[in-house]
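Heads up, the thing below is written out as structure tokens.
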Amino acid sequence: MGVTIEVEIGRGKRGRRAYSLDDIAIVPSRRTRDPRDVSVKWQIDAFQFETPVLGAPMDSVMSPASAITLGKLGGLGVLDLEGLWTRYEDPQPVLDEIANLEGSVIEPRTTRRLQELYSAPIQPELITSRLAEMRAAGVTVAGSLTPQRTQEHYKTVVAAGVDIFVIRGTTVSAEHVSKTTEPLNLKQFIYELDVPVIVGGAAGYTPALHLMRTGAAGVLVGFGGGASTTTRRALGIRAPMASAISDVAAARRDYMDESGGRYVHVIADGGVGSSGDIVKAIAMGADAVMLGAALSRAEEAPGQGWHWGAEAHHQELPRGHRVKMGTVGTLEEVLFGPAHQADGASNLIGALRRAMATTGYSDLKEFQRVEVLVTD
């Protein structure tokens, strides 16, 4: 085990130094490869993917149509089953209104209108029809619920034929304590399901290890680091991603020893906005990345160049904004190029391949061993 170095913040408090992806750089080795010889394939449970990319369950990023497109391009689109697509029979006018809201993104009236639009009830029959649309297209079907809504809707989701179930919140623990409601028993829930479950976010070694012990197939890593969130400002909570991924990857290693070889996938979720961020997330130990802002720039993205998450329309404590991201090309161009910008906003997979080839690694598992530097 490595030595944990704490710094003195003041006479009464010490803290562990943590690093963001911006603080990290990868180092070339003595060997290089042809990018065409590099594999970026990823597999979780029985499902294989050509790229280690999951589309974040956010209405500005994933619709049934864009999830299908991402699936056909070799990734996994995850639909937000508490979003506009399950609240409105035709959500397009609502998406158009959000894209055309006037005023500053931080004005209260913008947030208030988002809250109003998302106050429409979730319709179980729409959960069924949206997932059926994805299944009919022949792609792997993934849908997401928050822990608070999982008990209410999971039977509908499973009956609709979901392949991978995602439980995603700002933070998710294996042990949620509540005096007013019966909490979700993750271990029992996952044990009783017949489909693999991805759960998170987690931001540290201990909570991730507990999530792995529930039987989850994958753990999402991240807290408060996305482009549209203000969690750090509103709650004072944030986990720098390089350290968070490394901590959860260590939990994966120790859980493998503890469980006799069961491998739980680590998925970086939040703060992975450019191709360089994707490269460094995998270098720190991630098996795959869940992309929100990066995919919101695609022409197929429902947000029409705008990006927002569930935090932006929380009914009691909003912790996010609608952010202008712009559009850089089709989803295929965002993932595979050709790129027409030099800022890491498109040809994300091409950049990952080139980084792996430049440092001499042939697949994702090997690349997790690449040498890194702290540059801050």
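Scheme for the structure tokens: letters A, B, ... for chains in order shown; per-chain residue numbers from 1; ligand numbers from 1 in order shown.
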
For stretch 78-80 of chain A: contacts at 7 Å, only C-alpha atoms, fewer than 5 positions along chain excluded, given as a compact mmCIF listing (two decimals) with N, CA and C atoms, in the first residue's frame:
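File produced: out19.txt:
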```
# COMPACT_ATOMS: atom_id res chain seq x y z
N LEU A 54 -19.81 5.32 -22.44
CA LEU A 54 -21.22 5.28 -22.08
C LEU A 54 -21.77 6.70 -22.21
N GLY A 55 -22.93 6.83 -22.83
CA GLY A 55 -23.59 8.13 -22.89
C GLY A 55 -24.32 8.38 -21.60
N ALA A 56 -24.04 9.52 -20.96
CA ALA A 56 -24.61 9.81 -19.65
C ALA A 56 -26.13 9.94 -19.73
N PRO A 57 -26.86 9.43 -18.74
CA PRO A 57 -28.32 9.56 -18.73
C PRO A 57 -28.75 10.98 -18.37
N MET A 58 -28.64 11.85 -19.35
CA MET A 58 -29.00 13.25 -19.20
C MET A 58 -29.80 13.65 -20.44
N ASP A 59 -30.86 14.41 -20.26
CA ASP A 59 -31.74 14.74 -21.38
C ASP A 59 -31.07 15.56 -22.46
N MET A 62 -28.75 12.17 -24.13
CA MET A 62 -29.30 10.90 -24.60
C MET A 62 -30.80 10.96 -24.77
N SER A 63 -31.26 10.69 -25.97
CA SER A 63 -32.65 10.38 -26.29
C SER A 63 -32.66 8.93 -26.74
N PRO A 64 -33.81 8.31 -26.92
CA PRO A 64 -33.79 6.96 -27.48
C PRO A 64 -33.04 6.91 -28.82
N ALA A 67 -29.23 7.36 -28.23
CA ALA A 67 -28.72 6.15 -27.59
C ALA A 67 -28.57 5.03 -28.61
N ALA A 142 -29.85 0.16 -22.06
CA ALA A 142 -29.50 0.56 -20.70
C ALA A 142 -30.36 1.75 -20.28
N GLY A 143 -30.86 1.69 -19.06
CA GLY A 143 -31.66 2.78 -18.52
C GLY A 143 -31.22 3.08 -17.11
N SER A 144 -31.46 4.33 -16.68
CA SER A 144 -30.97 4.78 -15.38
C SER A 144 -32.09 5.34 -14.53
N LEU A 145 -32.06 4.98 -13.24
CA LEU A 145 -32.91 5.58 -12.22
C LEU A 145 -32.04 6.06 -11.07
```

**Study point:** Exercise: stretch 108-125 of chain A partners within 12 Å, only C-alpha atoms, chain neighbours under 6 positions left out, as a PyMOL selection string
**Key:** chain A and resi 59+80-89+91+93-102+131-132+145+149+152-160+308-323

Next, dump the selected residues to file, keeping only C-alpha atoms, as a PDB file, in the first residue's frame.
```
ATOM      1  CA  ASP A  59     -31.745  14.736 -21.377  1.00  0.00           C
ATOM      2  CA  ASP A  80     -32.577   8.785 -18.090  1.00  0.00           C
ATOM      3  CA  LEU A  81     -35.811   7.060 -17.108  1.00  0.00           C
ATOM      4  CA  GLU A  82     -36.797  10.035 -14.941  1.00  0.00           C
ATOM      5  CA  GLY A  83     -36.254  12.587 -17.687  1.00  0.00           C
ATOM      6  CA  LEU A  84     -38.393  14.283 -20.280  1.00  0.00           C
ATOM      7  CA  TRP A  85     -38.679  11.146 -22.402  1.00  0.00           C
ATOM      8  CA  THR A  86     -40.677   9.412 -19.676  1.00  0.00           C
ATOM      9  CA  ARG A  87     -42.666  12.485 -18.610  1.00  0.00           C
ATOM     10  CA  TYR A  88     -43.955  13.654 -22.026  1.00  0.00           C
ATOM     11  CA  GLU A  89     -45.354  11.678 -24.935  1.00  0.00           C
ATOM     12  CA  PRO A  91     -40.807  15.929 -25.402  1.00  0.00           C
ATOM     13  CA  PRO A  93     -41.434  21.031 -27.743  1.00  0.00           C
ATOM     14  CA  VAL A  94     -40.070  20.959 -24.197  1.00  0.00           C
ATOM     15  CA  LEU A  95     -36.508  20.416 -25.429  1.00  0.00           C
ATOM     16  CA  ASP A  96     -36.988  23.284 -27.888  1.00  0.00           C
ATOM     17  CA  GLU A  97     -38.188  25.553 -25.092  1.00  0.00           C
ATOM     18  CA  ILE A  98     -35.218  24.714 -22.878  1.00  0.00           C
ATOM     19  CA  ALA A  99     -32.807  25.368 -25.731  1.00  0.00           C
ATOM     20  CA  ASN A 100     -34.442  28.744 -26.358  1.00  0.00           C
ATOM     21  CA  LEU A 101     -34.818  29.984 -22.795  1.00  0.00           C
ATOM     22  CA  GLU A 102     -33.797  33.623 -22.654  1.00  0.00           C
ATOM     23  CA  LEU A 131     -36.844   1.036 -23.890  1.00  0.00           C
ATOM     24  CA  ALA A 132     -38.801  -0.999 -26.448  1.00  0.00           C
ATOM     25  CA  LEU A 145     -32.914   5.575 -12.223  1.00  0.00           C
ATOM     26  CA  ARG A 149     -36.954   6.184  -7.680  1.00  0.00           C
ATOM     27  CA  GLU A 152     -40.927   2.598  -7.555  1.00  0.00           C
ATOM     28  CA  HIS A 153     -40.009   1.880 -11.165  1.00  0.00           C
ATOM     29  CA  TYR A 154     -37.491  -0.956 -11.388  1.00  0.00           C
ATOM     30  CA  LYS A 155     -40.099  -3.655 -12.095  1.00  0.00           C
ATOM     31  CA  THR A 156     -41.316  -1.668 -15.090  1.00  0.00           C
ATOM     32  CA  VAL A 157     -37.729  -1.252 -16.292  1.00  0.00           C
ATOM     33  CA  VAL A 158     -36.852  -4.938 -15.973  1.00  0.00           C
ATOM     34  CA  ALA A 159     -40.127  -6.040 -17.571  1.00  0.00           C
ATOM     35  CA  ALA A 160     -39.372  -3.775 -20.532  1.00  0.00           C
ATOM     36  CA  TRP A 308     -27.922  20.258 -18.243  1.00  0.00           C
ATOM     37  CA  GLY A 309     -28.340  17.492 -15.724  1.00  0.00           C
ATOM     38  CA  ALA A 310     -30.821  16.421 -13.082  1.00  0.00           C
ATOM     39  CA  GLU A 311     -29.108  18.732 -10.576  1.00  0.00           C
ATOM     40  CA  ALA A 312     -30.260  21.742 -12.590  1.00  0.00           C
ATOM     41  CA  HIS A 313     -33.959  21.031 -12.023  1.00  0.00           C
ATOM     42  CA  HIS A 314     -33.905  19.572  -8.507  1.00  0.00           C
ATOM     43  CA  GLN A 315     -37.164  20.690  -6.910  1.00  0.00           C
ATOM     44  CA  GLU A 316     -35.665  21.712  -3.553  1.00  0.00           C
ATOM     45  CA  LEU A 317     -31.940  22.407  -3.991  1.00  0.00           C
ATOM     46  CA  PRO A 318     -30.784  22.962  -7.575  1.00  0.00           C
ATOM     47  CA  ARG A 319     -27.064  22.346  -7.984  1.00  0.00           C
ATOM     48  CA  GLY A 320     -26.504  22.939 -11.667  1.00  0.00           C
ATOM     49  CA  HIS A 321     -27.120  25.168 -14.666  1.00  0.00           C
ATOM     50  CA  ARG A 322     -28.024  24.897 -18.299  1.00  0.00           C
ATOM     51  CA  VAL A 323     -24.643  25.398 -19.989  1.00  0.00           C
TER      52      VAL A 323
END
```

Check your understanding: Running DSSP on the backbone, which parts of stretch 145-334 of chain A land in strand (DSSP E), as a list in words?
Key -> Leu145, Ile164, Phe165, Val166, Ile167, Arg168, Val197, Ile198, Val199, Gly200, Gly201, Ala202, Gly218, Val219, Leu220, Val221, His265, Val266, Ile267, Ala268, Asp269, Ala288, Val289, Met290, Leu291, Trp306, His307, Val323 and Lys324 of chain A

Go through stretch 62-170 of chain A residue by residue and, counting only C-alpha atoms, keep those with an atom at most 9 Å from stretch 181-200 of chain A; for each kept residue give the shortest atom pair and its distance in Å to one decimal, ordered by chain and increasing number, as a tab-separated table.
```
residue	atom	partner	partner_atom	distance
A:Pro147	CA	A:Leu184	CA	6.9
A:Gln148	CA	A:Leu184	CA	7.8
A:Thr150	CA	A:Leu184	CA	7.8
A:Gln151	CA	A:Leu184	CA	6.9
A:Val158	CA	A:Val195	CA	8.1
A:Val162	CA	A:Val195	CA	7.7
A:Asp163	CA	A:Val195	CA	6.1
A:Ile164	CA	A:Pro196	CA	5.4
A:Phe165	CA	A:Val197	CA	4.8
A:Val166	CA	A:Ile198	CA	4.7
A:Ile167	CA	A:Val199	CA	4.7
A:Arg168	CA	A:Gly200	CA	5.2
A:Gly169	CA	A:Gly200	CA	6.2
A:Thr170	CA	A:Gly200	CA	7.7
```

Keeping only C-alpha atoms, take the residues you just selected and write them out as a PDB file, in the first residue's frame.
```pdb
ATOM      1  CA  PRO A 147     -31.786   5.473  -5.842  1.00  0.00           C
ATOM      2  CA  GLN A 148     -34.877   7.403  -4.701  1.00  0.00           C
ATOM      3  CA  THR A 150     -35.531   2.690  -8.115  1.00  0.00           C
ATOM      4  CA  GLN A 151     -38.003   0.931  -5.802  1.00  0.00           C
ATOM      5  CA  VAL A 158     -36.852  -4.938 -15.973  1.00  0.00           C
ATOM      6  CA  VAL A 162     -33.408  -3.632 -20.106  1.00  0.00           C
ATOM      7  CA  ASP A 163     -29.993  -5.281 -20.587  1.00  0.00           C
ATOM      8  CA  ILE A 164     -28.005  -3.162 -18.132  1.00  0.00           C
ATOM      9  CA  PHE A 165     -29.579  -1.340 -15.182  1.00  0.00           C
ATOM     10  CA  VAL A 166     -27.894   1.857 -13.966  1.00  0.00           C
ATOM     11  CA  ILE A 167     -28.526   3.338 -10.518  1.00  0.00           C
ATOM     12  CA  ARG A 168     -27.008   6.799 -10.682  1.00  0.00           C
ATOM     13  CA  GLY A 169     -27.066   9.620  -8.190  1.00  0.00           C
ATOM     14  CA  THR A 170     -24.826  12.446  -7.083  1.00  0.00           C
TER      15      THR A 170
END
```

Review point. When distances are computed from only C-alpha atoms, which of A:Leu211, A:Leu70, A:Ala281, A:Val272 shows the smallest separation from A:Gly138?
Key: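 So, comparing all the options, the nearest one is A:Leu70.
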
**Study point:** Residue with smallest distance to A:Ala351 - pool A:Pro52, A:Gly329, A:Pro28, A:Pro35, counting only C-alpha atoms
**Key:** A:Pro35

Review point. Which parts of stretch 39-238 of chain A does DSSP call alpha helix (DSSP H) when run on the backbone here, written out as a PyMOL selection string?
Key: chain A and resi 64-72+92-99+108-117+124-136+147-159+186-192+205-213+231-235

Revision key, fill the gap. Residue with the minimum atom-to-atom distance to A:Asp254, picked from A:Val38, A:Ala339, A:Val334, A:Ala208 with only C-alpha atoms counted, is A:Ala208

Pick out the residues sitting within 9 Å of A:Thr69, and hand them over as a PDB file with C-alpha atoms, in the first residue's frame; count only C-alpha atoms, and ignore anything fewer than 3 positions along from it in its own chain.
```pdb
ATOM      1  CA  PRO A  64     -33.792   6.961 -27.483  1.00  0.00           C
ATOM      2  CA  ALA A  65     -32.565   7.950 -30.967  1.00  0.00           C
ATOM      3  CA  SER A  66     -29.137   9.181 -29.866  1.00  0.00           C
ATOM      4  CA  LYS A  72     -24.497   1.339 -33.393  1.00  0.00           C
ATOM      5  CA  LEU A  73     -21.192   3.232 -33.147  1.00  0.00           C
ATOM      6  CA  GLY A  74     -19.925   0.749 -30.573  1.00  0.00           C
ATOM      7  CA  GLY A  75     -20.764   2.506 -27.295  1.00  0.00           C
ATOM      8  CA  GLY A  77     -26.287   4.855 -24.512  1.00  0.00           C
ATOM      9  CA  VAL A 139     -28.558  -2.263 -29.552  1.00  0.00           C
ATOM     10  CA  GLU A 300     -27.778  14.350 -32.571  1.00  0.00           C
ATOM     11  CA  LEU A 331     -21.876  11.906 -32.982  1.00  0.00           C
ATOM     12  CA  GLU A 332     -19.685   9.804 -35.256  1.00  0.00           C
TER      13      GLU A 332
END
```

Point to revise | Contact residues around A:Ala357 with only C-alpha atoms at 10 Å, ignoring same-chain residues under 2 positions, as a list in words | key: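 Contacts, with the query itself left out: Pro28, Arg31, Thr32, Arg33, Asp34, Pro35, Arg36, Asp37, Val38, Ser39, Ala351, Leu352, Arg353, Arg354, Ala355, Thr359, Gly360, Tyr361, Ser362, Asp363 and Phe367 of chain A.
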
Limited to C-alpha atoms, could you put the picked residues into a file as a compact mmCIF listing (two decimals), in the first residue's frame?
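Result written to result_7.txt:
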```
# COMPACT_ATOMS: atom_id res chain seq x y z
CA PRO A 28 5.73 8.05 -23.31
CA ARG A 31 8.03 1.62 -27.40
CA THR A 32 5.47 3.09 -29.81
CA ARG A 33 2.78 1.38 -31.86
CA ASP A 34 0.66 1.96 -34.91
CA PRO A 35 -2.70 3.40 -33.70
CA ARG A 36 -4.46 0.94 -36.00
CA ASP A 37 -3.05 -1.93 -33.91
CA VAL A 38 -4.54 -0.60 -30.68
CA SER A 39 -7.72 -2.13 -29.25
CA ALA A 351 -7.12 10.54 -29.61
CA LEU A 352 -7.32 7.66 -27.14
CA ARG A 353 -5.89 5.28 -29.73
CA ARG A 354 -3.06 7.66 -30.54
CA ALA A 355 -2.20 8.22 -26.88
CA THR A 359 3.01 5.23 -25.09
CA GLY A 360 3.31 1.69 -26.45
CA TYR A 361 0.18 -0.01 -25.10
CA SER A 362 -2.08 -2.29 -27.13
CA ASP A 363 -5.27 -2.48 -25.04
CA PHE A 367 -2.76 1.19 -20.63
```

Review point. Between A:Arg30, A:Ala244, A:Met134, A:Leu209, which has the minimum distance to A:Ala18 (counting only C-alpha atoms)?
Key: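 Distance minimum relative to A:Ala18 lands on A:Ala244.
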
Exercise for review: Could you check which of A:Ile26, A:Ala136, A:Val53, A:Ala202 is closest to A:Met284, using only C-alpha atoms?
Suggested key: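 For A:Met284, the nearest of the candidates is A:Ile26.
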
Check your understanding: A:Trp42: which residues within 7 Å, counting only C-alpha atoms, same-chain residues fewer than 4 positions away excluded, as a PyMOL selection string?
Key -> chain A and resi 48-52

Include N, CA and C atoms and write out the residues we just selected as an mmCIF file, in the first residue's frame.
```cif
data_model
loop_
_atom_site.group_PDB
_atom_site.id
_atom_site.type_symbol
_atom_site.label_atom_id
_atom_site.label_comp_id
_atom_site.auth_asym_id
_atom_site.auth_seq_id
_atom_site.Cartn_x
_atom_site.Cartn_y
_atom_site.Cartn_z
ATOM 1 N N GLN A 48 -20.320 -6.834 -24.949
ATOM 2 C CA GLN A 48 -19.067 -6.349 -25.512
ATOM 3 C C GLN A 48 -19.315 -5.071 -26.311
ATOM 4 N N PHE A 49 -18.362 -4.144 -26.226
ATOM 5 C CA PHE A 49 -18.472 -2.856 -26.904
ATOM 6 C C PHE A 49 -17.155 -2.531 -27.607
ATOM 7 N N GLU A 50 -17.274 -1.870 -28.735
ATOM 8 C CA GLU A 50 -16.092 -1.503 -29.507
ATOM 9 C C GLU A 50 -15.350 -0.325 -28.903
ATOM 10 N N THR A 51 -16.045 0.473 -28.100
ATOM 11 C CA THR A 51 -15.422 1.635 -27.459
ATOM 12 C C THR A 51 -15.825 1.684 -25.986
ATOM 13 N N PRO A 52 -14.964 2.223 -25.119
ATOM 14 C CA PRO A 52 -15.268 2.274 -23.688
ATOM 15 C C PRO A 52 -16.048 3.522 -23.305
#
```
